[in-house]
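Shown here: structure.cif, mmCIF, N, CA, C and O atoms.
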```cif
data_target
loop_
_atom_site.label_atom_id
_atom_site.label_comp_id
_atom_site.auth_asym_id
_atom_site.auth_seq_id
_atom_site.Cartn_x
_atom_site.Cartn_y
_atom_site.Cartn_z
N CYS A 1 0.85 -1.18 0.00
CA CYS A 1 0.00 0.00 0.00
C CYS A 1 0.89 1.25 0.00
O CYS A 1 2.07 1.18 0.34
N SER A 2 0.32 2.36 -0.36
CA SER A 2 1.12 3.58 -0.47
C SER A 2 1.66 4.03 0.89
O SER A 2 2.79 4.52 0.98
N TYR A 3 0.87 3.85 1.96
CA TYR A 3 1.36 4.24 3.28
C TYR A 3 2.48 3.32 3.76
O TYR A 3 3.42 3.76 4.42
N CYS A 4 2.40 2.05 3.41
CA CYS A 4 3.46 1.10 3.77
C CYS A 4 4.77 1.50 3.09
O CYS A 4 5.83 1.52 3.72
N ARG A 5 4.68 1.81 1.80
CA ARG A 5 5.89 2.24 1.06
C ARG A 5 6.43 3.55 1.63
O ARG A 5 7.65 3.71 1.78
N LYS A 6 5.54 4.47 1.94
CA LYS A 6 5.97 5.75 2.51
C LYS A 6 6.68 5.53 3.84
O LYS A 6 7.71 6.14 4.11
N LEU A 7 6.15 4.64 4.67
CA LEU A 7 6.77 4.33 5.96
C LEU A 7 8.14 3.71 5.77
O LEU A 7 9.12 4.12 6.40
N ASP A 8 8.24 2.73 4.87
CA ASP A 8 9.53 2.08 4.60
C ASP A 8 10.54 3.07 4.02
O ASP A 8 11.65 3.21 4.55
N GLU A 9 10.16 3.73 2.94
CA GLU A 9 11.08 4.60 2.22
C GLU A 9 11.39 5.90 2.95
O GLU A 9 12.49 6.44 2.85
N GLY A 10 10.41 6.42 3.70
CA GLY A 10 10.59 7.71 4.35
C GLY A 10 11.11 7.67 5.77
O GLY A 10 11.50 8.69 6.31
N LEU A 11 11.12 6.46 6.38
CA LEU A 11 11.56 6.40 7.77
C LEU A 11 12.32 5.12 8.09
O LEU A 11 13.50 5.16 8.44
N LEU A 12 11.68 3.97 7.98
CA LEU A 12 12.28 2.73 8.47
C LEU A 12 13.54 2.32 7.72
O LEU A 12 14.48 1.80 8.32
N ASN A 13 13.58 2.54 6.41
CA ASN A 13 14.72 2.11 5.61
C ASN A 13 15.72 3.23 5.33
O ASN A 13 16.62 3.05 4.53
N THR A 14 15.56 4.37 5.98
CA THR A 14 16.54 5.45 5.84
C THR A 14 17.73 5.15 6.75
O THR A 14 17.59 4.41 7.73
N PRO A 15 18.89 5.70 6.48
CA PRO A 15 20.04 5.48 7.37
C PRO A 15 19.74 5.90 8.82
O PRO A 15 20.11 5.20 9.76
N GLN A 16 19.04 7.02 8.99
CA GLN A 16 18.72 7.51 10.34
C GLN A 16 17.72 6.57 11.03
O GLN A 16 17.86 6.26 12.22
N GLY A 17 16.69 6.15 10.30
CA GLY A 17 15.70 5.23 10.86
C GLY A 17 16.31 3.89 11.22
O GLY A 17 16.04 3.33 12.28
N ALA A 18 17.16 3.37 10.34
CA ALA A 18 17.82 2.08 10.60
C ALA A 18 18.71 2.18 11.84
O ALA A 18 18.76 1.23 12.64
N LYS A 19 19.37 3.30 12.02
CA LYS A 19 20.22 3.48 13.19
C LYS A 19 19.40 3.45 14.48
O LYS A 19 19.77 2.79 15.45
N VAL A 20 18.26 4.14 14.48
CA VAL A 20 17.38 4.14 15.66
C VAL A 20 16.87 2.73 15.95
O VAL A 20 16.81 2.30 17.11
N LEU A 21 16.53 2.00 14.91
CA LEU A 21 15.91 0.68 15.08
C LEU A 21 16.90 -0.43 15.39
O LEU A 21 16.49 -1.56 15.63
N ARG A 22 18.19 -0.14 15.41
CA ARG A 22 19.19 -1.16 15.78
C ARG A 22 18.98 -1.67 17.19
O ARG A 22 19.39 -2.76 17.53
N LYS A 23 18.34 -0.87 18.02
CA LYS A 23 18.17 -1.20 19.44
C LYS A 23 16.99 -2.12 19.71
O LYS A 23 16.77 -2.52 20.84
N VAL A 24 16.19 -2.41 18.68
CA VAL A 24 14.98 -3.21 18.89
C VAL A 24 14.92 -4.38 17.91
O VAL A 24 15.55 -4.37 16.86
N VAL A 25 14.16 -5.38 18.28
CA VAL A 25 13.91 -6.51 17.39
C VAL A 25 12.75 -6.12 16.48
O VAL A 25 11.73 -5.62 16.95
N LYS A 26 12.94 -6.34 15.21
CA LYS A 26 11.91 -5.97 14.23
C LYS A 26 11.35 -7.24 13.59
O LYS A 26 12.10 -8.14 13.25
N VAL A 27 10.04 -7.28 13.45
CA VAL A 27 9.36 -8.38 12.78
C VAL A 27 8.39 -7.76 11.79
O VAL A 27 7.58 -6.93 12.17
N LYS A 28 8.49 -8.17 10.54
CA LYS A 28 7.57 -7.65 9.53
C LYS A 28 6.63 -8.77 9.13
O LYS A 28 7.07 -9.84 8.71
N ILE A 29 5.35 -8.52 9.29
CA ILE A 29 4.32 -9.50 8.96
C ILE A 29 3.55 -8.96 7.76
O ILE A 29 3.13 -7.80 7.76
N SER A 30 3.36 -9.79 6.78
CA SER A 30 2.57 -9.42 5.60
C SER A 30 1.28 -10.22 5.62
O SER A 30 1.23 -11.33 5.09
N PRO A 31 0.23 -9.69 6.25
CA PRO A 31 -1.01 -10.43 6.42
C PRO A 31 -1.64 -10.88 5.11
O PRO A 31 -2.36 -11.87 5.08
N GLU A 32 -1.35 -10.17 4.03
CA GLU A 32 -1.94 -10.55 2.76
C GLU A 32 -1.27 -11.79 2.15
O GLU A 32 -1.79 -12.37 1.19
N ASP A 33 -0.15 -12.24 2.72
CA ASP A 33 0.57 -13.39 2.18
C ASP A 33 -0.08 -14.73 2.50
O ASP A 33 0.03 -15.67 1.74
N SER A 34 -0.72 -14.83 3.67
CA SER A 34 -1.35 -16.10 4.04
C SER A 34 -2.37 -15.88 5.13
O SER A 34 -2.32 -14.89 5.87
N LYS A 35 -3.28 -16.82 5.26
CA LYS A 35 -4.28 -16.76 6.33
C LYS A 35 -3.59 -16.85 7.69
O LYS A 35 -3.99 -16.16 8.63
N ARG A 36 -2.56 -17.68 7.79
CA ARG A 36 -1.81 -17.82 9.05
C ARG A 36 -1.20 -16.48 9.48
O ARG A 36 -1.30 -16.09 10.64
N ASP A 37 -0.57 -15.77 8.53
CA ASP A 37 -0.01 -14.46 8.84
C ASP A 37 -1.10 -13.46 9.22
O ASP A 37 -0.93 -12.65 10.13
N ASP A 38 -2.22 -13.51 8.50
CA ASP A 38 -3.33 -12.61 8.80
C ASP A 38 -3.90 -12.89 10.20
O ASP A 38 -4.16 -11.96 10.95
N ASP A 39 -4.05 -14.16 10.56
CA ASP A 39 -4.55 -14.52 11.90
C ASP A 39 -3.60 -14.00 12.98
O ASP A 39 -4.04 -13.45 13.99
N PHE A 40 -2.30 -14.17 12.76
CA PHE A 40 -1.31 -13.70 13.72
C PHE A 40 -1.38 -12.18 13.85
O PHE A 40 -1.38 -11.62 14.95
N PHE A 41 -1.46 -11.51 12.72
CA PHE A 41 -1.57 -10.05 12.68
C PHE A 41 -2.79 -9.58 13.48
O PHE A 41 -2.70 -8.66 14.29
N ARG A 42 -3.91 -10.22 13.29
CA ARG A 42 -5.14 -9.85 14.00
C ARG A 42 -5.02 -10.14 15.50
O ARG A 42 -5.50 -9.35 16.32
N ARG A 43 -4.38 -11.23 15.88
CA ARG A 43 -4.19 -11.54 17.32
C ARG A 43 -3.33 -10.49 18.01
O ARG A 43 -3.50 -10.21 19.19
N LEU A 44 -2.41 -9.90 17.26
CA LEU A 44 -1.57 -8.84 17.81
C LEU A 44 -2.29 -7.50 17.90
O LEU A 44 -1.78 -6.55 18.47
N GLY A 45 -3.47 -7.43 17.30
CA GLY A 45 -4.24 -6.19 17.35
C GLY A 45 -4.21 -5.40 16.07
O GLY A 45 -4.72 -4.28 16.02
N GLY A 46 -3.60 -5.95 15.04
CA GLY A 46 -3.54 -5.26 13.76
C GLY A 46 -4.91 -5.15 13.12
O GLY A 46 -5.68 -6.10 13.13
N THR A 47 -5.21 -3.97 12.60
CA THR A 47 -6.50 -3.76 11.95
C THR A 47 -6.35 -3.16 10.56
O THR A 47 -7.27 -3.25 9.77
N GLY A 48 -5.27 -2.53 10.27
CA GLY A 48 -5.07 -1.90 8.97
C GLY A 48 -3.59 -1.79 8.68
O GLY A 48 -2.76 -2.09 9.53
N TYR A 49 -3.29 -1.35 7.47
CA TYR A 49 -1.89 -1.29 7.06
C TYR A 49 -1.44 0.15 6.91
O TYR A 49 -2.19 0.97 6.39
N PRO A 50 -0.25 0.49 7.29
CA PRO A 50 0.64 -0.32 8.08
C PRO A 50 0.29 -0.22 9.57
O PRO A 50 -0.21 0.81 10.02
N THR A 51 0.53 -1.27 10.30
CA THR A 51 0.38 -1.27 11.75
C THR A 51 1.75 -1.49 12.35
O THR A 51 2.45 -2.43 11.98
N VAL A 52 2.15 -0.62 13.26
CA VAL A 52 3.43 -0.76 13.95
C VAL A 52 3.12 -0.96 15.43
O VAL A 52 2.38 -0.19 16.03
N LEU A 53 3.70 -2.01 15.98
CA LEU A 53 3.50 -2.33 17.40
C LEU A 53 4.83 -2.24 18.12
O LEU A 53 5.87 -2.61 17.57
N LEU A 54 4.79 -1.80 19.36
CA LEU A 54 5.99 -1.71 20.18
C LEU A 54 5.72 -2.45 21.48
O LEU A 54 4.75 -2.15 22.18
N GLN A 55 6.57 -3.41 21.77
CA GLN A 55 6.43 -4.18 23.00
C GLN A 55 7.69 -3.94 23.82
O GLN A 55 8.80 -4.16 23.35
N THR A 56 7.52 -3.48 25.06
CA THR A 56 8.67 -3.09 25.87
C THR A 56 9.32 -4.23 26.63
O THR A 56 10.45 -4.10 27.07
N ASP A 57 8.60 -5.33 26.80
CA ASP A 57 9.18 -6.48 27.49
C ASP A 57 8.44 -7.74 27.05
O ASP A 57 7.50 -7.67 26.27
N SER A 58 8.86 -8.88 27.56
CA SER A 58 8.26 -10.14 27.12
C SER A 58 6.92 -10.43 27.78
O SER A 58 6.22 -11.36 27.39
N ILE A 59 6.51 -9.61 28.74
CA ILE A 59 5.28 -9.85 29.47
C ILE A 59 4.14 -8.96 28.99
O ILE A 59 3.00 -9.40 28.84
N SER A 60 4.43 -7.71 28.73
CA SER A 60 3.37 -6.76 28.37
C SER A 60 2.84 -7.01 26.96
O SER A 60 3.49 -7.64 26.13
N SER A 61 1.66 -6.50 26.71
CA SER A 61 1.06 -6.59 25.38
C SER A 61 1.66 -5.51 24.48
O SER A 61 1.98 -4.42 24.95
N PRO A 62 1.78 -5.79 23.19
CA PRO A 62 2.28 -4.77 22.27
C PRO A 62 1.31 -3.58 22.20
O PRO A 62 0.11 -3.76 22.27
N GLN A 63 1.88 -2.40 22.07
CA GLN A 63 1.10 -1.18 21.95
C GLN A 63 1.21 -0.65 20.52
O GLN A 63 2.29 -0.65 19.93
N THR A 64 0.11 -0.20 19.97
CA THR A 64 0.11 0.35 18.62
C THR A 64 0.76 1.72 18.62
O THR A 64 0.50 2.54 19.48
N VAL A 65 1.64 1.93 17.65
CA VAL A 65 2.32 3.21 17.48
C VAL A 65 1.77 3.87 16.22
O VAL A 65 1.80 3.27 15.14
N ARG A 66 1.26 5.07 16.37
CA ARG A 66 0.74 5.80 15.20
C ARG A 66 1.91 6.42 14.45
O ARG A 66 2.54 7.35 14.93
N MET A 67 2.18 5.89 13.28
CA MET A 67 3.30 6.37 12.48
C MET A 67 2.92 7.57 11.61
O MET A 67 3.80 8.27 11.12
N PHE A 68 1.62 7.78 11.43
CA PHE A 68 1.12 8.90 10.64
C PHE A 68 0.14 9.72 11.47
O PHE A 68 -0.64 9.16 12.22
N SER A 69 0.22 11.03 11.33
CA SER A 69 -0.73 11.93 11.95
C SER A 69 -1.14 12.95 10.89
O SER A 69 -0.26 13.62 10.32
N ASN A 70 -2.42 13.03 10.62
CA ASN A 70 -2.90 13.91 9.54
C ASN A 70 -2.15 13.66 8.24
O ASN A 70 -1.74 14.59 7.56
N LYS A 71 -1.93 12.38 7.94
CA LYS A 71 -1.25 11.91 6.72
C LYS A 71 0.22 12.27 6.67
O LYS A 71 0.88 12.10 5.65
N LYS A 72 0.79 12.78 7.78
CA LYS A 72 2.21 13.10 7.84
C LYS A 72 2.93 11.99 8.60
O LYS A 72 2.51 11.58 9.68
N LEU A 73 4.05 11.56 8.05
CA LEU A 73 4.86 10.51 8.63
C LEU A 73 5.59 11.00 9.87
O LEU A 73 6.08 12.14 9.90
N MET A 74 5.68 10.14 10.86
CA MET A 74 6.43 10.44 12.08
C MET A 74 7.88 10.79 11.70
O MET A 74 8.43 10.24 10.77
N THR A 75 8.47 11.69 12.45
CA THR A 75 9.87 12.06 12.20
C THR A 75 10.80 11.05 12.85
O THR A 75 10.42 10.32 13.77
N VAL A 76 12.03 11.02 12.39
CA VAL A 76 13.02 10.12 12.98
C VAL A 76 13.29 10.51 14.43
O VAL A 76 13.56 9.65 15.27
N ASP A 77 13.19 11.80 14.76
CA ASP A 77 13.39 12.23 16.14
C ASP A 77 12.30 11.67 17.05
O ASP A 77 12.59 11.22 18.17
N THR A 78 11.06 11.68 16.60
CA THR A 78 9.97 11.11 17.40
C THR A 78 10.14 9.61 17.55
O THR A 78 9.96 9.06 18.63
N LEU A 79 10.52 8.93 16.46
CA LEU A 79 10.78 7.49 16.53
C LEU A 79 11.89 7.20 17.53
O LEU A 79 11.79 6.29 18.35
N SER A 80 12.93 7.99 17.50
CA SER A 80 14.05 7.82 18.43
C SER A 80 13.59 7.98 19.88
O SER A 80 13.99 7.20 20.76
N GLN A 81 12.76 8.97 20.14
CA GLN A 81 12.25 9.17 21.50
C GLN A 81 11.42 7.98 21.97
O GLN A 81 11.54 7.54 23.12
N LEU A 82 10.59 7.43 21.07
CA LEU A 82 9.78 6.25 21.43
C LEU A 82 10.66 5.05 21.75
O LEU A 82 10.44 4.34 22.73
N VAL A 83 11.65 4.81 20.91
CA VAL A 83 12.55 3.68 21.11
C VAL A 83 13.36 3.85 22.39
O VAL A 83 13.52 2.92 23.18
N GLU A 84 13.86 5.05 22.61
CA GLU A 84 14.65 5.33 23.84
C GLU A 84 13.79 5.08 25.09
O GLU A 84 14.25 4.47 26.06
N ALA A 85 12.57 5.56 25.06
CA ALA A 85 11.67 5.38 26.21
C ALA A 85 11.38 3.89 26.43
O ALA A 85 11.37 3.42 27.57
N ALA A 86 11.17 3.17 25.37
CA ALA A 86 10.85 1.74 25.48
C ALA A 86 12.04 0.92 25.95
O ALA A 86 11.88 -0.01 26.74
N THR A 87 13.20 1.25 25.48
CA THR A 87 14.39 0.47 25.85
C THR A 87 14.96 0.87 27.20
O THR A 87 15.78 0.16 27.75
N ALA A 88 14.51 1.99 27.75
CA ALA A 88 14.98 2.43 29.07
C ALA A 88 14.26 1.70 30.20
O ALA A 88 14.69 1.76 31.35
N LEU A 89 13.16 1.03 29.90
CA LEU A 89 12.39 0.36 30.93
C LEU A 89 13.08 -0.87 31.45
O LEU A 89 13.82 -1.52 30.86
#
```
As a first step, turn the structure in this file into structure tokens.
Amino acid sequence: CSYCRKLDEGLLNTPQGAKVLRKVVKVKISPEDSKRDDDFFRRLGGTGYPTVLLQTDSISSPQTVRMFSNKKLMTVDTLSQLVEAATAL
């Protein structure tokens, strides 16, 4: 989808975004690839594309992170703040 590409190209796959994300484990699920992937996506709370979840530990439930606000992509600085806060716990 266009928002998925915008997220990848404009943030996650940029040198700055990749640097921020080195501190976390990343899992990319493509629900459209199989029913099994779609079921897993839905169990995690995914409802639309793209859905980004952040889980701070192995016990808590993943929290949805809004990567777009008013059709504007989150900045790398905001992503960095979220990751820093999550990894500081």
- Message: Can you tell me which residues surround Leu79 of chain A at a distance of at most 9 Å, considering only C-alpha atoms, apart from same-chain residues fewer than 2 positions away, and format the answer as a list in words?
- Response: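 Using only C-alpha atoms, the neighbours found are Leu11, Gly17, Val20, Leu21, Met67, Met74, Thr75, Val76, Asp77, Gln81, Leu82, Val83 and Glu84 of chain A.
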- Quick one: distance from atom O of Ala85 of chain A to atom C of Lys23 of chain A in Å, one decimal? 11.1 Å
- Message: Could you check the closest approach to Cys1 of chain A for each of A:Arg42, A:Pro50, A:Ala18, A:Lys26 and tell me which residue wins, using all atoms listed in the file?
- Response: A:Pro50
- Selection result of the PyMOL selection byres (((chain A and resi 55 and name CA) around 10) and name CA) on this file, as a list of chain:residue names: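 The output of the PyMOL selection byres (((chain A and resi 55 and name CA) around 10) and name CA) on this file is A:Val24, A:Val25, A:Leu53, A:Leu54, A:Thr56, A:Asp57, A:Ser58, A:Ile59, A:Ser60, A:Ser61, A:Pro62, A:Gln63, A:Thr64, A:Ala86, A:Thr87.
One finds atom O of Asp39 of chain A at 25.8 Å from atom CA of Asn13 of chain A.
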- Enter the distance from atom O of Val52 of chain A to atom C of Phe40 of chain A, in Å, rounded to one decimal. 12.8 Å
- Item | Counting only N, CA, C and O atoms, the residue of A:Thr78, A:Lys72, A:Glu32, A:Arg66 that sits nearest Thr51 of chain A |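 Using only N, CA, C and O atoms, Thr51 of chain A sits closest to A:Arg66.
Per DSSP on the backbone, strand (DSSP E) in chain A comprises Val52, Leu53, Leu54, Gln63, Thr64, Val65, Phe68, Ser69, Lys72 and Leu73 of chain A.
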- Identify, with DSSP run on backbone atoms, the residues in segment 1-88 of chain A assigned to helix (DSSP H, G or I), and express the list as a VMD selection string. chain A and resid 2 to 12 15 to 21 31 to 33 35 to 43 76 to 87
